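K.L.:
Take this structure first; my questions come after.
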Amino acid sequence: MVSDGLMDSAARQARAFSPASVANVAVGFDLLGYAVPDVGDRVTVRRIDAPEVRIVAIRGTAVELPLDAPRNTAGAALIALRQALALPFGFEVEIDKGIPLSSGMGGSAASCVAALVAANALLDVPLSREQLYRYSLEGEAVASGSRHGDNLGPMFLGGLVLSTLERLVPVPVPAHWHSLLVHPDAVLETRRAREALQGSYALKEFVAQSSNLALVLAGCHAGDAGLVRAGLVDVLVEPRRAPLIGGFDVAKAAALAAGAMGASISGAGPSVFAWFEDRDAALAAAPKVQAAFAAAGFDSQSWVSPINSPGARLL
């Protein structure tokens, strides 16, 4: 279990950073994700005497986000925490956004996780990260309409994590394997991306996706890039969401041509991720994938980081 340890009971304010994440990882829809440490959200939480949660400021975004706590991912998570622990005090929250909204990089989840990690430092008896996870699911539901932890798990624990509603399971990955994440200058709302998944699916698609997930997990545990190359293919979700993302097909093709073990949509999109066997390969691929998006009319940003990257931390 991961814990932030006991803090001075007199502490009245704490600040935390939560990294971005790549969710789904092609074959683990709503289950699998990993942290991306070079971009994230920062949240300041103050312990107040009033038994309520207040969102007093949200900075770093041109889009208006709800200050009403039950409608805010961070607020909803802290409300769930307060109610479950029957806390006699409340929290005042300031959010500094660093993750582009509707980018497929876990922006709503990051605010939620950072708020919980900061608030946890103000509890008389702090909880483990695994215990905090259950409250973060309530925050995620505000943003996407469903309770799923593929963004949340890696933000709490770091690295590649398999997240069910009840458990967080870290998945070992070789230290030299790296991720390339490219975010085109476009927006794709999570709810719209989930609507694209409506409809029927063939049994053979589920069997193929289950096989691919098993290959990826086995490859990670064994450090076998060949297994990952064979399995990192999304036959369920990507075909239905790719038409919503301008330039996706050419960007994915560029990543694969540059030697990626696999590439697909990050979260709900429009960002694209790719896995490489080392940092140099990922760095070399970045301008090629960005050039592919540019040819499709999109500026973009890119980040290269180890798949085994740290999760949220106190500042």
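Letters A, B, ... mark the chains of the structure tokens in the order given; residue numbers begin at 1 per chain; ligand numbers begin at 1, in order shown.
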From segment 29-264 of chain A, collect each residue whose DSSP state is helix (DSSP H, G or I) and return the set as a PyMOL selection string.

P.N.:
chain A and resi 69-71+73-85+107-120+129-144+152-157+190-195+203-222+225-231+238-244+248-257

K.L.:
Dump C-alpha atoms for the selected residues as a compact mmCIF listing (two decimals), in the first residue's frame?

P.N.:
# COMPACT_ATOMS: atom_id res chain seq x y z
CA ALA A 69 -18.17 21.57 -5.77
CA PRO A 70 -20.59 18.69 -6.56
CA ARG A 71 -20.18 19.44 -10.29
CA THR A 73 -14.25 16.52 -10.25
CA ALA A 74 -12.02 17.64 -7.38
CA GLY A 75 -14.98 18.88 -5.39
CA ALA A 76 -17.01 15.70 -5.84
CA ALA A 77 -14.07 13.55 -4.73
CA LEU A 78 -13.50 15.63 -1.61
CA ILE A 79 -17.21 15.57 -0.79
CA ALA A 80 -17.11 11.76 -1.00
CA LEU A 81 -14.04 11.71 1.27
CA ARG A 82 -15.65 14.01 3.85
CA GLN A 83 -18.87 12.01 3.95
CA ALA A 84 -17.18 8.62 4.19
CA LEU A 85 -14.90 9.72 7.04
CA GLY A 107 -7.19 16.36 -17.18
CA SER A 108 -10.34 15.91 -15.11
CA ALA A 109 -8.86 12.97 -13.24
CA ALA A 110 -5.63 14.84 -12.45
CA SER A 111 -7.44 17.65 -10.63
CA CYS A 112 -9.36 15.06 -8.67
CA VAL A 113 -6.27 13.07 -7.67
CA ALA A 114 -4.18 16.13 -6.78
CA ALA A 115 -7.03 17.42 -4.58
CA LEU A 116 -7.27 14.12 -2.71
CA VAL A 117 -3.50 13.83 -2.21
CA ALA A 118 -3.36 17.39 -0.85
CA ALA A 119 -6.41 16.94 1.38
CA ASN A 120 -5.01 13.65 2.66
CA ARG A 129 -3.32 5.92 -2.02
CA GLU A 130 -5.41 2.77 -2.51
CA GLN A 131 -7.93 4.05 0.01
CA LEU A 132 -8.08 7.47 -1.66
CA TYR A 133 -8.77 5.78 -5.00
CA ARG A 134 -12.35 4.86 -4.09
CA TYR A 135 -13.23 8.54 -3.59
CA SER A 136 -11.59 9.61 -6.83
CA LEU A 137 -14.01 7.39 -8.74
CA GLU A 138 -16.82 9.73 -7.67
CA GLY A 139 -14.92 12.65 -9.17
CA GLU A 140 -14.30 10.82 -12.43
CA ALA A 141 -18.01 10.05 -12.72
CA VAL A 142 -18.74 13.79 -12.76
CA ALA A 143 -16.53 14.28 -15.81
CA SER A 144 -17.30 11.22 -17.91
CA LEU A 152 -6.82 7.50 -11.71
CA GLY A 153 -4.80 4.39 -10.84
CA PRO A 154 -1.55 5.44 -12.53
CA MET A 155 -1.90 8.98 -11.21
CA PHE A 156 -1.99 7.64 -7.66
CA LEU A 157 0.66 4.92 -7.99
CA THR A 190 -15.00 12.51 -23.43
CA ARG A 191 -18.78 12.13 -23.50
CA ARG A 192 -18.84 12.49 -27.30
CA ALA A 193 -16.03 9.95 -27.63
CA ARG A 194 -17.96 7.51 -25.44
CA GLU A 195 -21.10 8.01 -27.53
CA LEU A 203 -17.98 -11.92 -30.17
CA LYS A 204 -14.82 -12.41 -32.23
CA GLU A 205 -13.89 -8.77 -31.51
CA PHE A 206 -14.05 -9.38 -27.76
CA VAL A 207 -11.97 -12.54 -28.11
CA ALA A 208 -9.35 -10.69 -30.18
CA GLN A 209 -9.21 -7.78 -27.72
CA SER A 210 -8.91 -10.13 -24.73
CA SER A 211 -6.09 -11.95 -26.49
CA ASN A 212 -4.30 -8.69 -27.18
CA LEU A 213 -4.66 -7.49 -23.59
CA ALA A 214 -3.24 -10.80 -22.36
CA LEU A 215 -0.29 -10.51 -24.76
CA VAL A 216 0.52 -6.97 -23.60
CA LEU A 217 0.32 -7.84 -19.90
CA ALA A 218 2.42 -10.96 -20.42
CA GLY A 219 4.94 -8.97 -22.45
CA CYS A 220 5.25 -6.32 -19.75
CA HIS A 221 5.79 -8.89 -17.01
CA ALA A 222 8.35 -10.79 -19.10
CA ALA A 225 8.78 -6.51 -26.63
CA GLY A 226 7.73 -9.10 -29.20
CA LEU A 227 4.65 -10.02 -27.18
CA VAL A 228 3.75 -6.35 -26.80
CA ARG A 229 4.17 -5.75 -30.53
CA ALA A 230 1.82 -8.65 -31.22
CA GLY A 231 -0.80 -7.46 -28.74
CA GLU A 238 -10.01 2.61 -31.96
CA PRO A 239 -11.97 1.78 -35.15
CA ARG A 240 -15.00 3.63 -33.74
CA ARG A 241 -13.16 6.67 -32.40
CA ALA A 242 -10.45 7.18 -35.03
CA PRO A 243 -12.84 8.95 -37.48
CA LEU A 244 -13.35 11.65 -34.80
CA PHE A 248 -4.98 10.08 -36.53
CA ASP A 249 -4.30 7.50 -39.23
CA VAL A 250 -1.20 9.25 -40.58
CA ALA A 251 0.11 10.00 -37.07
CA LYS A 252 -0.26 6.37 -36.03
CA ALA A 253 1.37 5.19 -39.27
CA ALA A 254 4.31 7.54 -38.63
CA ALA A 255 4.82 6.13 -35.14
CA LEU A 256 4.75 2.54 -36.37
CA ALA A 257 7.11 3.36 -39.24

K.L.:
Can you tell me which residues surround Gly267 of chain A at a distance of at most 8 Å, considering only C-alpha atoms, apart from same-chain residues fewer than 3 positions away, and format the answer as a list in words?

P.N.:
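Result of the neighbour search: Val22, Ala23, Asn24, Val25, Gly104, Met105, Gly106 and Ser271 of chain A.
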
K.L.:
How would the residues just picked look written out with all heavy atoms as a PDB file, in the first residue's frame?

P.N.:
ATOM      1  N   VAL A  22      -2.010   8.343 -19.818  1.00  0.00           N
ATOM      2  CA  VAL A  22      -2.538   7.701 -21.026  1.00  0.00           C
ATOM      3  C   VAL A  22      -3.451   6.586 -20.550  1.00  0.00           C
ATOM      4  O   VAL A  22      -2.994   5.650 -19.882  1.00  0.00           O
ATOM      5  CB  VAL A  22      -1.408   7.133 -21.906  1.00  0.00           C
ATOM      6  CG1 VAL A  22      -1.982   6.226 -23.004  1.00  0.00           C
ATOM      7  CG2 VAL A  22      -0.598   8.265 -22.527  1.00  0.00           C
ATOM      8  N   ALA A  23      -4.725   6.704 -20.851  1.00  0.00           N
ATOM      9  CA  ALA A  23      -5.691   5.695 -20.422  1.00  0.00           C
ATOM     10  C   ALA A  23      -6.049   4.758 -21.571  1.00  0.00           C
ATOM     11  O   ALA A  23      -5.851   5.076 -22.739  1.00  0.00           O
ATOM     12  CB  ALA A  23      -6.948   6.365 -19.891  1.00  0.00           C
ATOM     13  N   ASN A  24      -6.561   3.618 -21.193  1.00  0.00           N
ATOM     14  CA  ASN A  24      -6.958   2.518 -22.098  1.00  0.00           C
ATOM     15  C   ASN A  24      -5.758   1.748 -22.642  1.00  0.00           C
ATOM     16  O   ASN A  24      -5.788   0.525 -22.719  1.00  0.00           O
ATOM     17  CB  ASN A  24      -7.800   3.013 -23.286  1.00  0.00           C
ATOM     18  CG  ASN A  24      -9.085   3.681 -22.867  1.00  0.00           C
ATOM     19  OD1 ASN A  24      -9.650   3.365 -21.822  1.00  0.00           O
ATOM     20  ND2 ASN A  24      -9.559   4.626 -23.650  1.00  0.00           N
ATOM     21  N   VAL A  25      -4.701   2.453 -23.038  1.00  0.00           N
ATOM     22  CA  VAL A  25      -3.490   1.827 -23.615  1.00  0.00           C
ATOM     23  C   VAL A  25      -3.887   0.837 -24.705  1.00  0.00           C
ATOM     24  O   VAL A  25      -3.439  -0.304 -24.733  1.00  0.00           O
ATOM     25  CB  VAL A  25      -2.627   1.152 -22.525  1.00  0.00           C
ATOM     26  CG1 VAL A  25      -1.213   0.879 -23.059  1.00  0.00           C
ATOM     27  CG2 VAL A  25      -2.515   2.030 -21.279  1.00  0.00           C
ATOM     28  N   GLY A 104      -7.661  13.851 -23.917  1.00  0.00           N
ATOM     29  CA  GLY A 104      -7.338  12.435 -23.775  1.00  0.00           C
ATOM     30  C   GLY A 104      -6.129  12.199 -22.909  1.00  0.00           C
ATOM     31  O   GLY A 104      -5.486  11.149 -22.984  1.00  0.00           O
ATOM     32  N   MET A 105      -5.815  13.160 -22.025  1.00  0.00           N
ATOM     33  CA  MET A 105      -4.639  13.061 -21.158  1.00  0.00           C
ATOM     34  C   MET A 105      -5.015  13.047 -19.679  1.00  0.00           C
ATOM     35  O   MET A 105      -4.177  13.229 -18.803  1.00  0.00           O
ATOM     36  CB  MET A 105      -3.687  14.215 -21.450  1.00  0.00           C
ATOM     37  CG  MET A 105      -3.097  14.173 -22.856  1.00  0.00           C
ATOM     38  SD  MET A 105      -2.285  15.726 -23.363  1.00  0.00           S
ATOM     39  CE  MET A 105      -1.054  15.919 -22.081  1.00  0.00           C
ATOM     40  N   GLY A 106      -6.296  12.853 -19.391  1.00  0.00           N
ATOM     41  CA  GLY A 106      -6.717  12.694 -17.998  1.00  0.00           C
ATOM     42  C   GLY A 106      -6.805  13.983 -17.211  1.00  0.00           C
ATOM     43  O   GLY A 106      -6.594  13.974 -15.993  1.00  0.00           O
ATOM     44  N   SER A 271      -5.394  12.940 -28.400  1.00  0.00           N
ATOM     45  CA  SER A 271      -3.968  12.642 -28.289  1.00  0.00           C
ATOM     46  C   SER A 271      -3.671  11.209 -28.723  1.00  0.00           C
ATOM     47  O   SER A 271      -4.535  10.323 -28.638  1.00  0.00           O
ATOM     48  CB  SER A 271      -3.489  12.867 -26.856  1.00  0.00           C
ATOM     49  OG  SER A 271      -3.630  14.223 -26.484  1.00  0.00           O
TER      50      SER A 271
END

K.L.:
So what do you get for atom CA of Pro19 of chain A versus atom CA of Ala295 of chain A, distance-wise?

P.N.:
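Going from atom CA of Pro19 of chain A over to atom CA of Ala295 of chain A, I get 29.3 Å.
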
K.L.:
For the atom pair atom CA of Asn308 of chain A and atom CA of Pro170 of chain A, what is the interatomic distance in Å to one decimal place?

P.N.:
10.0 Å

K.L.:
Which one of A:Leu101, A:Ser305, A:Leu32, A:Val182 sits closest to Glu64 of chain A if you count only C-alpha atoms?

P.N.:
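Looking at the shortest contact to Glu64 of chain A, the residue is A:Leu101.
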
K.L.:
For Ala281 of chain A, find every residue with an atom within 8 Å (counting only C-alpha atoms), except residues of its own chain fewer than 4 positions away, and show them as a PyMOL selection string.

P.N.:
chain A and resi 258-259+276-277+285

K.L.:
Give me the residues near Gln290 of chain A as an MDAnalysis selection string, where near means some atom within 9 Å (using only C-alpha atoms) and where sequence neighbours in that chain fewer than 2 positions away do not count.

P.N.:
chainID A and resid 182:184 251 254 285:288 292:295 298:302

K.L.:
Set the distance at 8 Å and use only C-alpha atoms: which residues neighbour Ile307 of chain A once local chain neighbours fewer than 4 positions away are removed? I'd like the list as a PyMOL selection string.

P.N.:
chain A and resi 34-36+159-160+173+175+177-179

K.L.:
As an MDAnalysis selection string, list the residues of segment 67-208 of chain A assigned to strand (DSSP E) by DSSP on the backbone atoms of this structure.

P.N.:
chainID A and resid 90:96 160:163 168:171 178:184

K.L.:
Looking at A:Gly40, A:Pro126, A:Asp68, A:Arg12, which one is nearest to Phe91 of chain A, with distances taken over only C-alpha atoms?

P.N.:
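For Phe91 of chain A, the nearest of the candidates is A:Arg12.
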